[in-house]
Amino acid sequence: MIELQQLGKTYGKGAAAVEALRDVNLSVKAGEFIAMMGPSGSGKSTCMNILGFLDTPSAGQYRFQGSTVDTLSRNQRALLRRHYIGFVFQGFNLLARTSALENVELPLIYRRLPRAERRAKALAALAAVGLDGREAHTPAELSGGQQQRVAIARALVTDPALLLADEPTGNLDSARGHEIMDLLVRLNQERGLTIIMVTHEVDIAAYAHRVVHFLDGRIQNEARN
């Protein structure tokens, strides 16, 4: 699904230039669950942004499902992102005054799906993450773990090929965090959903098939769980 070849990313120019990534080589097969780890500034978040078409590399090549992404225009990358990528963030990023159902429907509005189809897909996505009966609740009426489930449902509702999760348990206590990880593992196994996750926590990374360690903009090592 993903092939990174000698990928590099530099911010700034001249004396102020900072190499966030250098000579990164990584292959990801469809259906894999990968965790990215490393200290702050190691390059893992920059790599995640490039994988999600939110940033472009300065050097090397990124191929996604056989297509060379770094040669595409901003609009083409936006279309790929909308149709193939789901995002889950540490901070949930839900609309505060909007119900769980409406939050999950949001990506489908951008696709201009009819209201009845949007509603049916959003209800199914909420059911898939165990939130039957919570459709009308706003984020303030939900626990942190439930809010993250809504965020996962919102990412799933477009049937993405790839789910990118940036510290998905970072704002949760350990029990709720492990519940979210159990959910992600189930989605990976039952749906064959490819997941790439950034985390600082070793016990959370242990849920993945493979752990990729970043240091100083490079992949330091990889380990299989």
# chains A, B, ... in the order shown; residues from 1 in each chain; ligands from 1
call {"tool": "closest_atom_pairs", "arguments": {"of": "segment 56-97 of chain A", "to": "segment 12-36 of chain A", "cutoff": "10 Å", "atoms": "only C-alpha atoms", "output": "CSV"}}
result
residue,atom,partner,partner_atom,distance
A:Pro57,CA,A:Leu21,CA,8.6
A:Ser58,CA,A:Leu21,CA,9.0
A:Ala59,CA,A:Arg22,CA,8.3
A:Gly60,CA,A:Asp23,CA,7.5
A:Gln61,CA,A:Asn25,CA,9.3
A:Tyr62,CA,A:Leu26,CA,9.5
A:Arg63,CA,A:Ser27,CA,9.6
A:Phe64,CA,A:Val28,CA,9.6
A:Gln65,CA,A:Ala30,CA,9.1
call {"tool": "residues_around", "arguments": {"residues": "segment 199-203 of chain A", "least_positions_apart": "2", "cutoff": "9 Å", "atoms": "only C-alpha atoms", "output": "list in words"}}
result
Ala35, Met36, Met37, Gly38, Pro39, Ala165, Asp166, Glu167, Pro168, Thr169, Gly170, Met197, Ala205, Ala206 and Tyr207 of chain A
call {"tool": "residues_around", "arguments": {"residues": "Ala128 of chain A", "least_positions_apart": "4", "cutoff": "12 Å", "atoms": "only C-alpha atoms", "output": "ChimeraX atom specification"}}
result
/A:121-124,132,149-150,152-157,183-184,186-187,190-191
call {"tool": "write_last_selection", "arguments": {"atoms": "C-alpha atoms", "output": "mmCIF file, in the first residue's frame"}}
result
data_model
loop_
_atom_site.group_PDB
_atom_site.id
_atom_site.type_symbol
_atom_site.label_atom_id
_atom_site.label_comp_id
_atom_site.auth_asym_id
_atom_site.auth_seq_id
_atom_site.Cartn_x
_atom_site.Cartn_y
_atom_site.Cartn_z
ATOM 1 C CA LYS A 121 -23.699 5.314 7.274
ATOM 2 C CA ALA A 122 -23.127 7.407 10.422
ATOM 3 C CA LEU A 123 -25.430 5.183 12.499
ATOM 4 C CA ALA A 124 -23.588 2.096 11.254
ATOM 5 C CA ASP A 132 -25.554 2.536 19.895
ATOM 6 C CA ARG A 149 -14.979 6.391 19.789
ATOM 7 C CA VAL A 150 -17.016 9.091 18.031
ATOM 8 C CA ILE A 152 -12.958 6.829 15.267
ATOM 9 C CA ALA A 153 -16.478 6.419 13.868
ATOM 10 C CA ARG A 154 -16.048 9.708 11.988
ATOM 11 C CA ALA A 155 -12.790 8.385 10.519
ATOM 12 C CA LEU A 156 -14.450 5.072 9.543
ATOM 13 C CA VAL A 157 -17.603 6.480 7.970
ATOM 14 C CA LEU A 183 -11.258 -1.411 19.308
ATOM 15 C CA LEU A 184 -8.521 -0.492 16.824
ATOM 16 C CA ARG A 186 -10.695 -5.393 16.166
ATOM 17 C CA LEU A 187 -11.170 -2.983 13.260
ATOM 18 C CA GLU A 190 -12.239 -7.704 11.076
ATOM 19 C CA ARG A 191 -12.093 -5.072 8.343
#
call {"tool": "residues_around", "arguments": {"residues": "Pro160 of chain A", "least_positions_apart": "4", "cutoff": "6 Å", "atoms": "only C-alpha atoms", "output": "ChimeraX atom specification"}}
result
/A:84-86
call {"tool": "write_last_selection", "arguments": {"atoms": "N, CA, C and O atoms", "output": "mmCIF file, in the first residue's frame"}}
result
data_model
loop_
_atom_site.group_PDB
_atom_site.id
_atom_site.type_symbol
_atom_site.label_atom_id
_atom_site.label_comp_id
_atom_site.auth_asym_id
_atom_site.auth_seq_id
_atom_site.Cartn_x
_atom_site.Cartn_y
_atom_site.Cartn_z
ATOM 1 N N TYR A 84 -9.390 8.244 0.809
ATOM 2 C CA TYR A 84 -8.636 7.063 1.210
ATOM 3 C C TYR A 84 -8.109 7.081 2.638
ATOM 4 O O TYR A 84 -7.677 6.051 3.145
ATOM 5 N N ILE A 85 -8.129 8.260 3.288
ATOM 6 C CA ILE A 85 -7.490 8.389 4.602
ATOM 7 C C ILE A 85 -8.512 8.764 5.668
ATOM 8 O O ILE A 85 -9.356 9.628 5.470
ATOM 9 N N GLY A 86 -8.405 8.099 6.831
ATOM 10 C CA GLY A 86 -9.153 8.505 8.007
ATOM 11 C C GLY A 86 -8.171 8.953 9.075
ATOM 12 O O GLY A 86 -7.081 8.370 9.204
#
call {"tool": "select_by_dssp", "arguments": {"residues": "chain A", "states": "alpha helix (DSSP H)", "output": "PyMOL selection string"}}
result
chain A and resi 44-51+74-84+100-110+115-128+144-156+174-191+202-205
call {"tool": "decode", "arguments": {"residues": "segment 82-170 of chain A", "atoms": "C-alpha atoms", "output": "short mmCIF file (atom, residue, chain, number, x, y, z; two decimals), in the first residue's frame"}}
result
data_model
loop_
_atom_site.label_atom_id
_atom_site.label_comp_id
_atom_site.auth_asym_id
_atom_site.auth_seq_id
_atom_site.Cartn_x
_atom_site.Cartn_y
_atom_site.Cartn_z
CA ARG A 82 -10.73 12.70 1.42
CA HIS A 83 -11.34 9.32 -0.22
CA TYR A 84 -8.64 7.06 1.21
CA ILE A 85 -7.49 8.39 4.60
CA GLY A 86 -9.15 8.50 8.01
CA PHE A 87 -7.63 10.54 10.85
CA VAL A 88 -7.86 10.10 14.62
CA PHE A 89 -6.21 12.68 16.90
CA GLN A 90 -5.22 12.89 20.55
CA GLY A 91 -7.62 15.78 21.14
CA PHE A 92 -10.68 14.14 19.50
CA ASN A 93 -11.40 17.32 17.41
CA LEU A 94 -15.18 17.01 17.72
CA LEU A 95 -17.60 19.89 17.21
CA ALA A 96 -18.69 20.81 20.73
CA ARG A 97 -22.31 21.80 20.09
CA THR A 98 -23.00 19.01 17.63
CA SER A 99 -24.36 15.55 18.36
CA ALA A 100 -22.30 12.40 17.94
CA LEU A 101 -24.34 11.51 14.86
CA GLU A 102 -23.80 14.91 13.26
CA ASN A 103 -20.07 14.80 14.04
CA VAL A 104 -19.78 11.44 12.27
CA GLU A 105 -21.87 12.65 9.31
CA LEU A 106 -19.57 15.61 8.68
CA PRO A 107 -17.11 13.96 6.21
CA LEU A 108 -20.07 12.71 4.18
CA ILE A 109 -21.45 16.24 3.84
CA TYR A 110 -18.22 17.17 2.03
CA ARG A 111 -18.90 14.24 -0.30
CA ARG A 112 -22.42 15.61 -0.88
CA LEU A 113 -24.14 12.36 0.00
CA PRO A 114 -27.93 12.52 0.40
CA ARG A 115 -29.10 13.06 3.97
CA ALA A 116 -30.70 9.61 4.36
CA GLU A 117 -27.53 7.87 3.14
CA ARG A 118 -25.35 10.01 5.42
CA ARG A 119 -27.50 9.15 8.41
CA ALA A 120 -27.49 5.41 7.68
CA LYS A 121 -23.70 5.31 7.27
CA ALA A 122 -23.13 7.41 10.42
CA LEU A 123 -25.43 5.18 12.50
CA ALA A 124 -23.59 2.10 11.25
CA ALA A 125 -20.21 3.64 12.09
CA LEU A 126 -21.34 4.53 15.62
CA ALA A 127 -22.67 1.01 16.10
CA ALA A 128 -19.31 -0.39 14.93
CA VAL A 129 -17.52 1.45 17.75
CA GLY A 130 -20.07 0.46 20.41
CA LEU A 131 -22.02 3.71 20.68
CA ASP A 132 -25.55 2.54 19.90
CA GLY A 133 -28.00 4.78 21.74
CA ARG A 134 -25.53 7.66 22.11
CA GLU A 135 -26.22 9.23 18.71
CA ALA A 136 -27.92 12.36 20.11
CA HIS A 137 -25.31 13.07 22.80
CA THR A 138 -22.97 16.04 22.43
CA PRO A 139 -19.28 15.66 23.33
CA ALA A 140 -19.91 17.27 26.74
CA GLU A 141 -22.34 14.44 27.51
CA LEU A 142 -19.78 11.74 26.67
CA SER A 143 -16.72 10.45 28.50
CA GLY A 144 -13.26 10.88 27.01
CA GLY A 145 -13.25 7.29 25.80
CA GLN A 146 -16.67 7.73 24.20
CA GLN A 147 -15.54 10.95 22.51
CA GLN A 148 -12.59 9.09 21.00
CA ARG A 149 -14.98 6.39 19.79
CA VAL A 150 -17.02 9.09 18.03
CA ALA A 151 -13.80 10.37 16.44
CA ILE A 152 -12.96 6.83 15.27
CA ALA A 153 -16.48 6.42 13.87
CA ARG A 154 -16.05 9.71 11.99
CA ALA A 155 -12.79 8.39 10.52
CA LEU A 156 -14.45 5.07 9.54
CA VAL A 157 -17.60 6.48 7.97
CA THR A 158 -15.91 7.11 4.62
CA ASP A 159 -14.55 3.52 4.45
CA PRO A 160 -10.89 4.62 4.28
CA ALA A 161 -8.08 2.37 3.09
CA LEU A 162 -5.75 3.79 5.76
CA LEU A 163 -6.35 5.04 9.29
CA LEU A 164 -3.76 7.43 10.73
CA ALA A 165 -3.93 7.72 14.52
CA ASP A 166 -1.85 10.41 16.24
CA GLU A 167 -1.52 9.59 19.98
CA PRO A 168 -5.09 8.19 20.04
CA THR A 169 -4.88 7.34 23.77
CA GLY A 170 -2.90 10.40 24.87
#
